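Here is coords-v8.txt, consisting of compact mmCIF, C-alpha atoms:
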# COMPACT_ATOMS: atom_id res chain seq x y z
CA MET A 1 20.09 -13.91 22.54
CA ILE A 2 20.52 -10.37 23.87
CA ALA A 3 21.23 -9.10 20.35
CA LYS A 4 18.02 -10.69 19.03
CA ILE A 5 15.96 -9.15 21.82
CA LEU A 6 17.47 -5.73 21.07
CA ILE A 7 16.65 -6.16 17.35
CA ILE A 8 13.01 -6.94 18.19
CA ILE A 9 12.82 -3.87 20.45
CA LEU A 10 14.37 -1.74 17.70
CA TYR A 11 11.73 -2.90 15.22
CA LEU A 12 8.93 -2.13 17.64
CA ILE A 13 10.02 1.36 18.68
CA ALA A 14 11.62 2.70 15.46
CA PRO A 15 8.28 3.59 13.79
CA ALA A 16 7.08 5.31 16.98
CA VAL A 17 10.25 7.41 17.14
CA VAL A 18 9.98 8.35 13.46
CA LEU A 19 6.26 9.20 13.70
CA ARG A 20 6.92 11.42 16.72
CA ALA A 21 9.81 13.12 14.92
CA CYS A 22 7.57 13.78 11.91
CA ARG A 23 5.03 15.47 14.18
CA LYS A 24 7.50 17.51 16.23
CA ILE A 25 10.10 18.54 13.64
CA LYS A 26 8.77 20.94 11.02
CA ALA A 27 11.30 19.86 8.38
CA LEU A 28 10.05 16.27 8.62
CA ASN A 29 6.30 16.69 8.93
CA LYS A 30 5.79 16.73 5.14
CA ILE A 31 7.91 13.63 4.53
CA ASP A 32 6.36 10.18 4.34
CA PRO A 33 7.45 8.24 7.48
CA ILE A 34 8.01 5.19 5.26
CA LEU A 35 10.75 7.03 3.37
CA ILE A 36 12.51 7.90 6.64
CA LEU A 37 12.23 4.31 7.86
CA TYR A 38 13.65 3.01 4.58
CA ILE A 39 16.60 5.38 4.84
CA LEU A 40 17.26 4.51 8.49
CA GLY A 41 16.96 0.80 7.76
CA VAL A 42 19.40 0.94 4.86
CA ILE A 43 21.88 2.94 6.98
CA VAL A 44 21.70 0.39 9.80
CA ALA A 45 22.04 -2.52 7.33
CA ASN A 46 25.11 -1.09 5.65
CA THR A 47 26.96 -0.17 8.84
CA HIS A 48 26.93 -3.94 9.57
CA ILE A 49 26.31 -3.39 13.27
CA VAL A 50 23.61 -6.07 13.34
CA PRO A 51 25.16 -9.52 13.95
CA ALA A 52 24.83 -11.97 11.06
CA ASP A 53 23.06 -14.53 13.24
CA CYS A 54 20.17 -12.08 13.69
CA ARG A 55 19.23 -12.25 10.03
CA GLY A 56 16.90 -15.19 10.67
CA ILE A 57 14.82 -13.33 13.23
CA GLN A 58 14.80 -10.25 10.98
CA LYS A 59 13.23 -12.29 8.18
CA THR A 60 10.77 -13.92 10.55
CA ILE A 61 9.51 -10.57 11.81
CA GLN A 62 9.31 -9.31 8.24
CA ASP A 63 7.28 -12.35 7.13
CA VAL A 64 4.82 -12.07 10.03
CA MET A 65 3.94 -8.38 9.59
CA ILE A 66 2.04 -8.53 6.29
CA PRO A 67 -0.33 -11.45 7.12
CA LEU A 68 -1.32 -9.57 10.29
CA ALA A 69 -1.38 -6.08 8.78
CA ILE A 70 -3.73 -6.83 5.86
CA PRO A 71 -6.68 -7.97 8.01
CA MET A 72 -6.16 -5.10 10.44
CA MET A 73 -6.19 -2.52 7.64
CA LEU A 74 -9.37 -3.98 6.15
CA PHE A 75 -11.37 -4.68 9.32
CA GLY A 76 -12.34 -1.06 9.93
CA CYS A 77 -13.33 -0.35 6.32
CA ASN A 78 -17.05 0.15 5.82
CA PHE A 79 -17.47 -0.69 2.15
CA LYS A 80 -21.23 -0.26 2.45
CA ASN A 81 -20.47 3.45 2.05
CA PHE A 82 -19.19 2.75 -1.45
CA LYS A 83 -22.53 3.62 -3.07
CA ALA A 84 -22.32 7.01 -4.76
CA SER A 85 -22.32 6.37 -8.50
CA VAL A 86 -19.79 9.09 -9.32
CA THR A 87 -17.45 7.78 -6.61
CA ALA A 88 -17.73 4.25 -7.99
CA ARG A 89 -17.12 5.40 -11.57
CA ALA A 90 -14.10 7.43 -10.44
CA PHE A 91 -12.72 4.34 -8.72
CA VAL A 92 -13.18 2.17 -11.82
CA ILE A 93 -11.42 4.59 -14.15
CA GLY A 94 -8.67 5.16 -11.56
CA VAL A 95 -7.90 1.45 -11.22
CA LEU A 96 -8.29 0.95 -14.98
CA GLY A 97 -5.82 3.79 -15.57
CA VAL A 98 -3.25 2.15 -13.29
CA ALA A 99 -3.67 -1.30 -14.88
CA LEU A 100 -3.44 0.02 -18.45
CA MET A 101 -0.34 2.10 -17.75
CA VAL A 102 1.39 -0.80 -15.95
CA VAL A 103 0.89 -2.90 -19.08
CA ALA A 104 1.72 -0.08 -21.52
CA GLY A 105 4.86 0.88 -19.58
CA TYR A 106 5.96 -2.74 -19.48
CA MET A 107 5.54 -3.07 -23.24
CA LEU A 108 7.68 0.05 -23.72
CA ILE A 109 10.58 -0.63 -21.34
CA GLY A 110 9.98 -4.08 -19.86
CA LYS A 111 13.05 -5.52 -21.56
CA HIS A 112 15.23 -3.17 -19.50
CA LEU A 113 13.82 -4.58 -16.25
CA GLY A 114 15.09 -8.07 -16.99
CA ALA A 115 13.58 -11.20 -15.50
CA ASP A 116 12.08 -9.18 -12.63
CA GLY A 117 9.93 -7.12 -15.03
CA PRO A 118 6.62 -8.95 -14.45
CA THR A 119 7.21 -8.89 -10.68
CA VAL A 120 7.95 -5.15 -10.71
CA GLY A 121 4.77 -4.53 -12.72
CA ALA A 122 2.70 -6.71 -10.39
CA THR A 123 4.01 -5.13 -7.18
CA LEU A 124 3.49 -1.63 -8.57
CA SER A 125 -0.09 -2.56 -9.49
CA GLY A 126 -0.60 -3.35 -5.80
CA GLN A 127 1.26 -0.21 -4.73
CA TYR A 128 -0.75 2.16 -6.94
CA THR A 129 -4.12 0.79 -5.90
CA GLY A 130 -3.58 -0.11 -2.25
CA GLY A 131 -0.28 1.35 -1.07
CA ALA A 132 2.76 -0.10 0.71
CA GLY A 133 0.79 -2.93 2.31
CA ASN A 134 -0.37 -4.29 -1.03
CA PHE A 135 3.06 -3.70 -2.56
CA ALA A 136 4.59 -5.93 0.11
CA ALA A 137 1.71 -8.44 0.00
CA VAL A 138 1.96 -8.94 -3.77
CA ASN A 139 5.71 -9.44 -3.49
CA MET A 140 5.18 -12.01 -0.72
CA MET A 141 2.48 -13.68 -2.82
CA LEU A 142 4.93 -14.24 -5.67
CA ASP A 143 7.25 -16.08 -3.26
CA LYS A 144 10.33 -17.30 -5.19
CA GLN A 145 9.47 -15.00 -8.09
CA GLY A 146 9.29 -12.00 -5.78
CA LEU A 147 11.87 -9.24 -5.51
CA SER A 148 14.97 -9.70 -3.35
CA GLU A 149 15.39 -7.46 -0.29
CA GLU A 150 17.74 -5.18 -2.22
CA LYS A 151 15.45 -4.83 -5.25
CA PHE A 152 12.40 -4.41 -3.05
CA ALA A 153 14.09 -1.48 -1.27
CA LEU A 154 15.20 -0.05 -4.62
CA VAL A 155 11.70 -0.13 -6.13
CA ALA A 156 10.14 1.24 -2.94
CA THR A 157 12.61 4.13 -2.75
CA CYS A 158 12.09 5.03 -6.42
CA ASN A 159 8.35 4.99 -5.82
CA LEU A 160 8.64 7.50 -2.99
CA VAL A 161 10.61 9.86 -5.25
CA VAL A 162 8.05 9.67 -8.08
CA SER A 163 5.13 10.00 -5.65
CA PHE A 164 6.68 13.15 -4.18
CA PHE A 165 6.91 14.84 -7.60
CA TYR A 166 3.38 13.67 -8.38
CA LEU A 167 2.09 15.43 -5.26
CA MET A 168 4.05 18.57 -6.11
CA PHE A 169 2.53 18.54 -9.60
CA LEU A 170 -1.03 18.30 -8.25
CA MET A 171 -0.44 21.02 -5.68
CA GLY A 172 1.39 23.24 -8.15
CA GLY A 173 -1.29 23.41 -10.84
CA GLY A 174 -2.27 19.86 -11.75
CA VAL A 175 -5.74 20.27 -10.23
CA SER A 176 -6.41 23.38 -12.31
CA ILE A 177 -5.26 21.62 -15.48
CA ALA A 178 -7.56 18.67 -14.77
CA ARG A 179 -10.51 21.00 -14.22
CA ARG A 180 -9.90 22.68 -17.57
CA ILE A 181 -9.66 19.30 -19.35
CA VAL A 182 -12.83 17.88 -17.80
CA HIS A 183 -14.61 21.24 -17.98
CA GLY A 184 -17.62 20.15 -15.99
CA LYS A 185 -19.23 20.80 -12.64
CA ASN A 186 -16.95 20.18 -9.72
CA LEU A 187 -17.86 17.98 -6.79
CA LYS A 188 -20.30 19.61 -4.38
CA SER A 189 -21.67 17.16 -1.86
CA TYR A 190 -22.02 13.45 -1.14
CA ASN A 191 -24.11 11.65 1.46
CA ASP A 192 -21.17 9.61 2.63
CA THR A 193 -20.69 8.69 6.28
CA ILE A 194 -16.99 7.78 6.36
CA ASN A 195 -15.26 9.63 9.17
CA ALA A 196 -12.38 11.48 7.53
CA GLU A 197 -10.89 12.48 10.88
CA GLU A 198 -10.10 8.85 11.63
CA TYR A 199 -7.55 8.84 8.83
CA THR A 200 -6.32 12.42 8.92
CA ASN A 201 -5.55 12.79 12.63
CA ASP A 202 -2.07 14.18 13.21
CA ASN A 203 -1.47 11.51 15.83
CA PRO A 204 -3.84 8.54 15.45
CA TYR A 205 -1.85 6.62 18.09
CA LYS A 206 -2.25 9.15 20.90
CA ASP A 207 -4.91 7.17 22.80
CA PHE A 208 -3.64 3.66 22.08
CA GLY A 209 -2.57 3.36 25.71
CA THR A 210 -6.05 3.78 27.16
CA LYS A 211 -7.94 0.78 28.56
CA LYS A 212 -10.68 1.04 25.92
CA SER A 213 -8.18 1.09 23.05
CA PHE A 214 -6.12 -1.70 24.57
CA VAL A 215 -9.16 -4.00 24.80
CA GLN A 216 -10.04 -3.22 21.19
CA LEU A 217 -6.45 -3.83 20.04
CA VAL A 218 -6.45 -7.25 21.73
CA LYS A 219 -9.64 -8.16 19.85
CA ILE A 220 -8.14 -6.89 16.58
CA PHE A 221 -4.95 -8.86 17.12
CA ILE A 222 -6.84 -12.07 17.95
CA ALA A 223 -9.10 -11.70 14.91
CA ALA A 224 -6.15 -10.95 12.60
CA THR A 225 -4.24 -13.95 13.96
CA ILE A 226 -7.23 -16.24 13.35
CA VAL A 227 -7.61 -14.93 9.79
CA ALA A 228 -3.89 -15.44 9.18
CA ALA A 229 -4.07 -18.98 10.59
CA VAL A 230 -7.07 -19.90 8.42
CA SER A 231 -5.29 -18.50 5.36
CA LEU A 232 -2.13 -20.45 6.20
CA VAL A 233 -4.12 -23.68 6.47
CA ALA A 234 -5.84 -22.95 3.14
CA SER A 235 -2.48 -22.26 1.48
CA ASN A 236 -1.25 -25.75 2.43
CA PHE A 237 -3.74 -27.24 -0.04
CA PHE A 238 -1.78 -25.64 -2.89
CA LYS A 239 1.69 -26.93 -1.97
CA ALA A 240 3.68 -29.65 -3.73
CA GLY A 241 2.21 -33.11 -3.30
CA THR A 242 -1.42 -31.92 -3.17
CA PRO A 243 -4.11 -32.46 -5.86
CA LEU A 244 -4.39 -28.71 -6.45
CA PHE A 245 -0.64 -28.51 -7.05
CA ASP A 246 -0.97 -31.13 -9.78
CA ILE A 247 -4.03 -29.46 -11.31
CA LEU A 248 -2.51 -25.98 -11.36
CA GLY A 249 0.93 -27.21 -12.35
CA GLY A 250 2.83 -25.33 -9.68
CA ASP A 251 3.04 -24.13 -6.09
CA TYR A 252 0.39 -21.42 -5.56
CA SER A 253 0.47 -21.58 -1.77
CA MET A 254 1.63 -17.98 -1.28
CA VAL A 255 -0.92 -16.74 -3.78
CA ALA A 256 -3.62 -18.59 -1.86
CA LEU A 257 -2.34 -17.22 1.46
CA ILE A 258 -2.63 -13.58 0.43
CA LEU A 259 -5.88 -13.88 -1.53
CA VAL A 260 -7.63 -15.91 1.18
CA LEU A 261 -6.31 -13.43 3.74
CA THR A 262 -7.83 -10.54 1.79
CA THR A 263 -11.11 -12.30 1.03
CA VAL A 264 -11.79 -13.50 4.60
CA SER A 265 -10.95 -10.04 5.96
CA LEU A 266 -13.41 -8.42 3.54
CA LEU A 267 -16.12 -10.90 4.51
CA LEU A 268 -15.64 -10.03 8.17
CA THR A 269 -16.32 -6.34 7.45
CA ASN A 270 -19.98 -7.35 7.05
CA PHE A 271 -20.11 -7.63 10.83
CA LYS A 272 -20.93 -4.36 12.57
CA GLN A 273 -18.61 -5.04 15.51
CA VAL A 274 -15.64 -5.56 13.19
CA ARG A 275 -16.39 -2.32 11.31
CA SER A 276 -16.57 -0.48 14.64
CA TRP A 277 -12.89 -1.13 15.40
CA ASP A 278 -11.64 2.39 14.76
CA LYS A 279 -8.06 1.53 15.82
CA SER A 280 -7.74 -1.32 13.35
CA PHE A 281 -6.44 0.56 10.31
CA ASP A 282 -3.80 2.47 12.27
CA ALA A 283 -2.65 -0.69 14.06
CA GLY A 284 -2.21 -2.40 10.69
CA MET A 285 -0.39 0.63 9.33
CA TYR A 286 2.04 0.48 12.25
CA LEU A 287 2.87 -3.10 11.27
CA ILE A 288 3.50 -1.89 7.72
CA TYR A 289 5.97 0.64 9.15
CA ILE A 290 7.74 -2.18 10.99
CA PHE A 291 7.81 -4.26 7.81
CA CYS A 292 9.32 -1.42 5.76
CA PHE A 293 12.03 -0.86 8.37
CA ALA A 294 12.73 -4.59 8.54
CA MET A 295 12.94 -4.93 4.76
CA ALA A 296 15.32 -1.98 4.49
CA MET A 297 17.54 -3.46 7.21
CA LEU A 298 18.14 -6.47 4.96
CA ALA A 299 19.21 -4.37 1.98
CA ASP A 300 22.88 -4.37 1.03
CA LEU A 301 23.74 -1.28 -1.04
CA SER A 302 26.67 -3.05 -2.62
CA GLN A 303 24.20 -5.48 -4.19
CA LEU A 304 21.83 -2.86 -5.63
CA ASP A 305 21.40 -2.70 -9.40
CA TRP A 306 21.46 1.07 -9.95
CA LYS A 307 20.99 0.72 -13.71
CA MET A 308 17.78 -1.18 -13.08
CA GLY A 309 16.81 1.56 -10.61
CA LEU A 310 16.86 4.15 -13.41
CA TRP A 311 14.50 2.06 -15.53
CA VAL A 312 12.26 1.41 -12.53
CA LEU A 313 12.08 5.17 -11.97
CA ILE A 314 11.07 5.69 -15.61
CA TYR A 315 8.51 2.87 -15.38
CA GLN A 316 6.95 4.35 -12.25
CA THR A 317 6.79 7.81 -13.83
CA ILE A 318 4.92 6.34 -16.79
CA ILE A 319 2.46 4.56 -14.50
CA VAL A 320 1.82 7.42 -12.06
CA PHE A 321 1.50 10.32 -14.48
CA GLY A 322 0.02 8.17 -17.25
CA SER A 323 -2.72 6.83 -14.96
CA LEU A 324 -3.52 10.37 -13.82
CA MET A 325 -3.86 11.46 -17.45
CA LEU A 326 -6.09 8.49 -18.33
CA THR A 327 -8.29 9.03 -15.27
CA VAL A 328 -8.81 12.69 -16.16
CA VAL A 329 -9.38 12.02 -19.87
CA LEU A 330 -11.94 9.28 -19.14
CA ALA A 331 -13.69 11.41 -16.52
CA ARG A 332 -15.58 13.65 -18.92
CA PRO A 333 -17.27 10.98 -21.10
CA LEU A 334 -18.12 8.96 -17.97
CA ARG A 335 -19.56 12.05 -16.26
CA VAL A 336 -17.08 12.13 -13.40
CA ASP A 337 -16.15 15.60 -12.18
CA ALA A 338 -12.52 16.69 -12.20
CA ASP A 339 -12.13 16.81 -8.42
CA SER A 340 -13.42 13.24 -7.98
CA ALA A 341 -11.09 12.00 -10.74
CA VAL A 342 -8.00 13.71 -9.35
CA ILE A 343 -8.64 12.83 -5.69
CA THR A 344 -9.17 9.19 -6.71
CA SER A 345 -5.89 9.10 -8.63
CA ASP A 346 -4.16 10.70 -5.65
CA THR A 347 -5.54 8.24 -3.10
CA LEU A 348 -4.63 5.23 -5.27
CA VAL A 349 -1.07 6.44 -5.84
CA ASN A 350 -0.36 7.89 -2.41
CA SER A 351 -2.97 6.26 -0.09
CA PRO A 352 -5.77 8.06 1.83
CA ILE A 353 -3.17 9.74 4.05
CA CYS A 354 -2.49 12.37 1.35
CA VAL A 355 -6.15 13.01 0.51
CA PRO A 356 -6.68 16.01 2.87
CA MET A 357 -3.59 17.71 1.42
CA ILE A 358 -4.97 17.61 -2.14
CA ALA A 359 -8.50 18.41 -0.97
CA ALA A 360 -7.08 21.56 0.65
CA THR A 361 -5.44 22.46 -2.66
CA MET A 362 -8.83 22.02 -4.33
CA LYS A 363 -10.52 24.03 -1.55
CA ASN A 364 -13.11 21.28 -1.60
CA LYS A 365 -13.82 19.49 1.69
CA ASN A 366 -16.26 17.10 0.04
CA ALA A 367 -13.46 15.59 -2.03
CA ILE A 368 -12.05 14.09 1.19
CA MET A 369 -14.96 11.66 1.39
CA VAL A 370 -14.51 10.47 -2.20
CA GLY A 371 -10.76 10.09 -1.77
CA ILE A 372 -10.94 8.10 1.45
CA THR A 373 -13.74 5.86 0.17
CA ASN A 374 -11.83 5.00 -3.00
CA GLY A 375 -8.57 4.64 -1.09
CA LEU A 376 -10.11 2.04 1.20
CA ALA A 377 -11.58 0.22 -1.80
CA GLY A 378 -8.07 0.23 -3.28
CA TYR A 379 -6.74 -1.69 -0.28
CA ALA A 380 -9.32 -4.36 -1.06
CA VAL A 381 -8.53 -4.84 -4.77
CA GLY A 382 -4.75 -4.27 -4.79
CA ASN A 383 -3.73 -7.89 -4.11
CA TYR A 384 -6.12 -9.31 -6.70
CA LEU A 385 -4.98 -6.84 -9.34
CA GLY A 386 -1.30 -7.50 -8.60
CA PHE A 387 -1.72 -11.24 -9.16
CA LEU A 388 -3.69 -10.75 -12.40
CA VAL A 389 -1.10 -8.31 -13.76
CA PHE A 390 1.74 -10.71 -12.93
CA LYS A 391 0.04 -13.50 -14.88
CA LEU A 392 -0.65 -11.12 -17.76
CA LEU A 393 2.87 -9.69 -17.99
CA GLY A 394 4.60 -13.01 -17.43
CA GLY A 395 2.42 -15.30 -19.50
CA VAL A 396 0.66 -13.29 -22.18
CA ILE A 397 2.73 -10.30 -23.22
CA ALA A 398 5.88 -11.20 -25.13
CA LEU A 399 8.70 -8.68 -25.14

If you took the structure in this file and wrote it as structure tokens, what would it be?
Amino acid sequence: MIAKILIIILYLIAPAVVLRACRKIKALNKIDPILILYILGVIVANTHIVPADCRGIQKTIQDVMIPLAIPMMLFGCNFKNFKASVTARAFVIGVLGVALMVVAGYMLIGKHLGADGPTVGATLSGQYTGGAGNFAAVNMMLDKQGLSEEKFALVATCNLVVSFFYLMFLMGGGVSIARRIVHGKNLKSYNDTINAEEYTNDNPYKDFGTKKSFVQLVKIFIAATIVAAVSLVASNFFKAGTPLFDILGGDYSMVALILVLTTVSLLLTNFKQVRSWDKSFDAGMYLIYIFCFAMAMLADLSQLDWKMGLWVLIYQTIIVFGSLMLTVVLARPLRVDADSAVITSDTLVNSPICVPMIAATMKNKNAIMVGITNGLAGYAVGNYLGFLVFKLLGGVIAL
């Protein structure tokens, strides 16, 4: 019992320790906290200091995080701001670029990914439109066809490597190349009201301990729990022994859970009070950090398929750099400026957290608004796209 309590405490405080270290230690403040949590989790898992009988509670915590995190991350998103035509067109070509390269990459090297190929493609579709939350949600959605803990950690780690080189490319000259290719007017101004500071604050958790924030967090947690409960009830209608199971010819309960979760959360953003919860996104992100640490702590390095890891790395490189190329190439005929195209690709691949970094490289503050808007929209579509890609890769495309 004591060991299980200590494990729970470790999960709760590990992200806080890592986030503080990233802020205080100069060598760490440019590294994604998720990467550090993955590394720490894998180290803990492979030192075998966690008792075997704690594995059950580890999996329980892991399974609870995503259904709570998705609503929290969506509650504070004001999609009514998604109105500027150029921003919308940039989002469409960005998502289209990801989807096309996931399929094209799978057709090129899918046979080297084995039976997990469609799942890898589906989870990466979620990752490169909505980030780590959608990556995990799509994998959970696929249930028995999802990646094992070891393969999940492998794919996630490879993604962080590719994403790092992608950022270095953009900051080292990629923006200039895109501007020459598009050769049009760069972004100047948008009448967009999204508060960029909410997502670029060095320490978004600094006032979580205040009474006002605590009251809001309680409301967020209650709302997220209700949404998760409703989604769980809805998913039961798709299990074995139900009419829908017979009609669909299989168990789609996990698919229903995630998609209902996403849809209900999006519907709730129509309420002004829900959109006003400015702590919601960061609270959900903290749960994602816990999930990543928990997933890594279940990974056994001796079970990793390193050969598959090489092909996953190649696949991700094709998707990330290929989608950037497609987004930039399609920008000119669709009258999207280079900065909007690049910042959209960046926010889909790396999440809104990295938007200010690339906007600084562009010396274009207005790009922040486009990047954050499209990044938030990516959170909304990532789960849907992941499911569609899985069905396409697994049922339509023959290797």

Quick one: which region 112-156 of chain A residues come within 12 Å of region 344-360 of chain A, and what is the nearest atom pair for each with the distance in Å to one decimal, counting only C-alpha atoms, rows ordered by chain and ascending number, as JSON lines?
{"residue": "A:Leu124", "atom": "CA", "partner": "A:Val349", "partner_atom": "CA", "distance": 9.7}
{"residue": "A:Ser125", "atom": "CA", "partner": "A:Val349", "partner_atom": "CA", "distance": 9.8}
{"residue": "A:Gly126", "atom": "CA", "partner": "A:Leu348", "partner_atom": "CA", "distance": 9.5}
{"residue": "A:Gln127", "atom": "CA", "partner": "A:Val349", "partner_atom": "CA", "distance": 7.1}
{"residue": "A:Tyr128", "atom": "CA", "partner": "A:Val349", "partner_atom": "CA", "distance": 4.4}
{"residue": "A:Thr129", "atom": "CA", "partner": "A:Leu348", "partner_atom": "CA", "distance": 4.5}
{"residue": "A:Gly130", "atom": "CA", "partner": "A:Leu348", "partner_atom": "CA", "distance": 6.2}
{"residue": "A:Gly131", "atom": "CA", "partner": "A:Ser351", "partner_atom": "CA", "distance": 5.7}
{"residue": "A:Ala132", "atom": "CA", "partner": "A:Ser351", "partner_atom": "CA", "distance": 8.6}
{"residue": "A:Gly133", "atom": "CA", "partner": "A:Ser351", "partner_atom": "CA", "distance": 10.2}
{"residue": "A:Asn134", "atom": "CA", "partner": "A:Ser351", "partner_atom": "CA", "distance": 10.9}
{"residue": "A:Phe135", "atom": "CA", "partner": "A:Val349", "partner_atom": "CA", "distance": 11.4}

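Using only C-alpha atoms, the shortest contact distance between Phe293 (chain A) and any of A:Arg180, A:Lys239, A:Lys59, A:Lys212 is found at A:Lys59.
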
Worksheet item: If you count only C-alpha atoms, which residues fall within 12 Å of Ala21 (chain A), apart from same-chain ones fewer than 2 positions away, as a ChimeraX atom specification?
Response: /A:14-19,23-33,36-37,203

Which polymer residues have any atom within 12 Å of an atom of Phe164 (chain A), counting all atoms listed in the file, with same-chain residues fewer than 2 positions away left out, as a PDB file with C-alpha atoms, in the coordinates of the input?
ATOM      1  CA  LYS A  30       5.790  16.730   5.140  1.00  0.00           C
ATOM      2  CA  ILE A  31       7.910  13.630   4.530  1.00  0.00           C
ATOM      3  CA  ASP A  32       6.360  10.180   4.340  1.00  0.00           C
ATOM      4  CA  LEU A  35      10.750   7.030   3.370  1.00  0.00           C
ATOM      5  CA  THR A 157      12.610   4.130  -2.750  1.00  0.00           C
ATOM      6  CA  CYS A 158      12.090   5.030  -6.420  1.00  0.00           C
ATOM      7  CA  ASN A 159       8.350   4.990  -5.820  1.00  0.00           C
ATOM      8  CA  LEU A 160       8.640   7.500  -2.990  1.00  0.00           C
ATOM      9  CA  VAL A 161      10.610   9.860  -5.250  1.00  0.00           C
ATOM     10  CA  VAL A 162       8.050   9.670  -8.080  1.00  0.00           C
ATOM     11  CA  TYR A 166       3.380  13.670  -8.380  1.00  0.00           C
ATOM     12  CA  LEU A 167       2.090  15.430  -5.260  1.00  0.00           C
ATOM     13  CA  MET A 168       4.050  18.570  -6.110  1.00  0.00           C
ATOM     14  CA  PHE A 169       2.530  18.540  -9.600  1.00  0.00           C
ATOM     15  CA  LEU A 170      -1.030  18.300  -8.250  1.00  0.00           C
ATOM     16  CA  MET A 171      -0.440  21.020  -5.680  1.00  0.00           C
ATOM     17  CA  GLN A 316       6.950   4.350 -12.250  1.00  0.00           C
ATOM     18  CA  THR A 317       6.790   7.810 -13.830  1.00  0.00           C
ATOM     19  CA  VAL A 320       1.820   7.420 -12.060  1.00  0.00           C
ATOM     20  CA  PHE A 321       1.500  10.320 -14.480  1.00  0.00           C
ATOM     21  CA  ASP A 346      -4.160  10.700  -5.650  1.00  0.00           C
ATOM     22  CA  VAL A 349      -1.070   6.440  -5.840  1.00  0.00           C
ATOM     23  CA  ASN A 350      -0.360   7.890  -2.410  1.00  0.00           C
ATOM     24  CA  CYS A 354      -2.490  12.370   1.350  1.00  0.00           C
TER      25      CYS A 354
END

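If you measure from each of A:Phe165, A:Tyr11, A:Trp277, A:Tyr379 to Ile290 (chain A) using all atoms listed in the file, the closest one turns out to be A:Tyr11.
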
Worksheet item: What lies within 10 Å of Lys219 (chain A) using only C-alpha atoms, ignoring chain neighbours under 6 positions off, as a ChimeraX atom specification?
Response: /A:213,225,274,277,280

Practice prompt. Fewer than 6 positions away in the same chain doesn't count, so skip those; otherwise give me all residues within 9 Å of Met285 (chain A), counting all atoms listed in the file, as a ChimeraX atom specification.
Written response: /A:69-70,72-73,133

Discussion item. Report as a PyMOL selection string all protein, DNA and RNA residues lying within 10 Å of region 327-330 of chain A, evaluated on only C-alpha atoms, omitting residues in the same chain fewer than 5 positions from it.
Written reply: chain A and resi 89-98+177-179+181-182+321-322+335-342+344-345

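From CA of Leu257 (chain A) back to CA of Ala223 (chain A), the distance works out to 16.0 Å.
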
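In this structure, CA of Tyr38 (chain A) sits 5.3 Å away from CA of Ala296 (chain A).
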
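Distances to Val50 (chain A) were evaluated for A:Leu393, A:Met297, A:Asn139, A:Gly172 using only C-alpha atoms, and the minimum falls at A:Met297.
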
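Picture a line from CA of Ile8 (chain A) to CA of Leu261 (chain A); it runs 25.0 Å.
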
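If only C-alpha atoms are the atoms counted, then among A:Leu6, A:Ala229, A:Ile247, A:Met295 the closest residue to Lys151 (chain A) is A:Met295.
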
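Each of A:Ser276, A:Ser235, A:Thr123, A:Ser163 was checked against Gln216 (chain A) using only C-alpha atoms; the smallest atom-to-atom distance is that of A:Ser276.
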
Discussion item. Just checking: using only C-alpha atoms, which residue out of A:Ile7, A:Leu142, A:Arg332, A:Phe237 ends up closest to Gly41 (chain A)?
Written reply: A:Ile7

Enclose region 21-38 of chain A, meaning all of its atoms listed in the file, in a box aligned along x, y and z, pad it by 6 Å on each side, and list the centre and edge lengths in Å to one decimal, as lines of an AutoDock Vina configuration file.
center_x = 9.3
center_y = 12.0
center_z = 9.8
size_x = 20.6
size_y = 29.9
size_z = 24.9
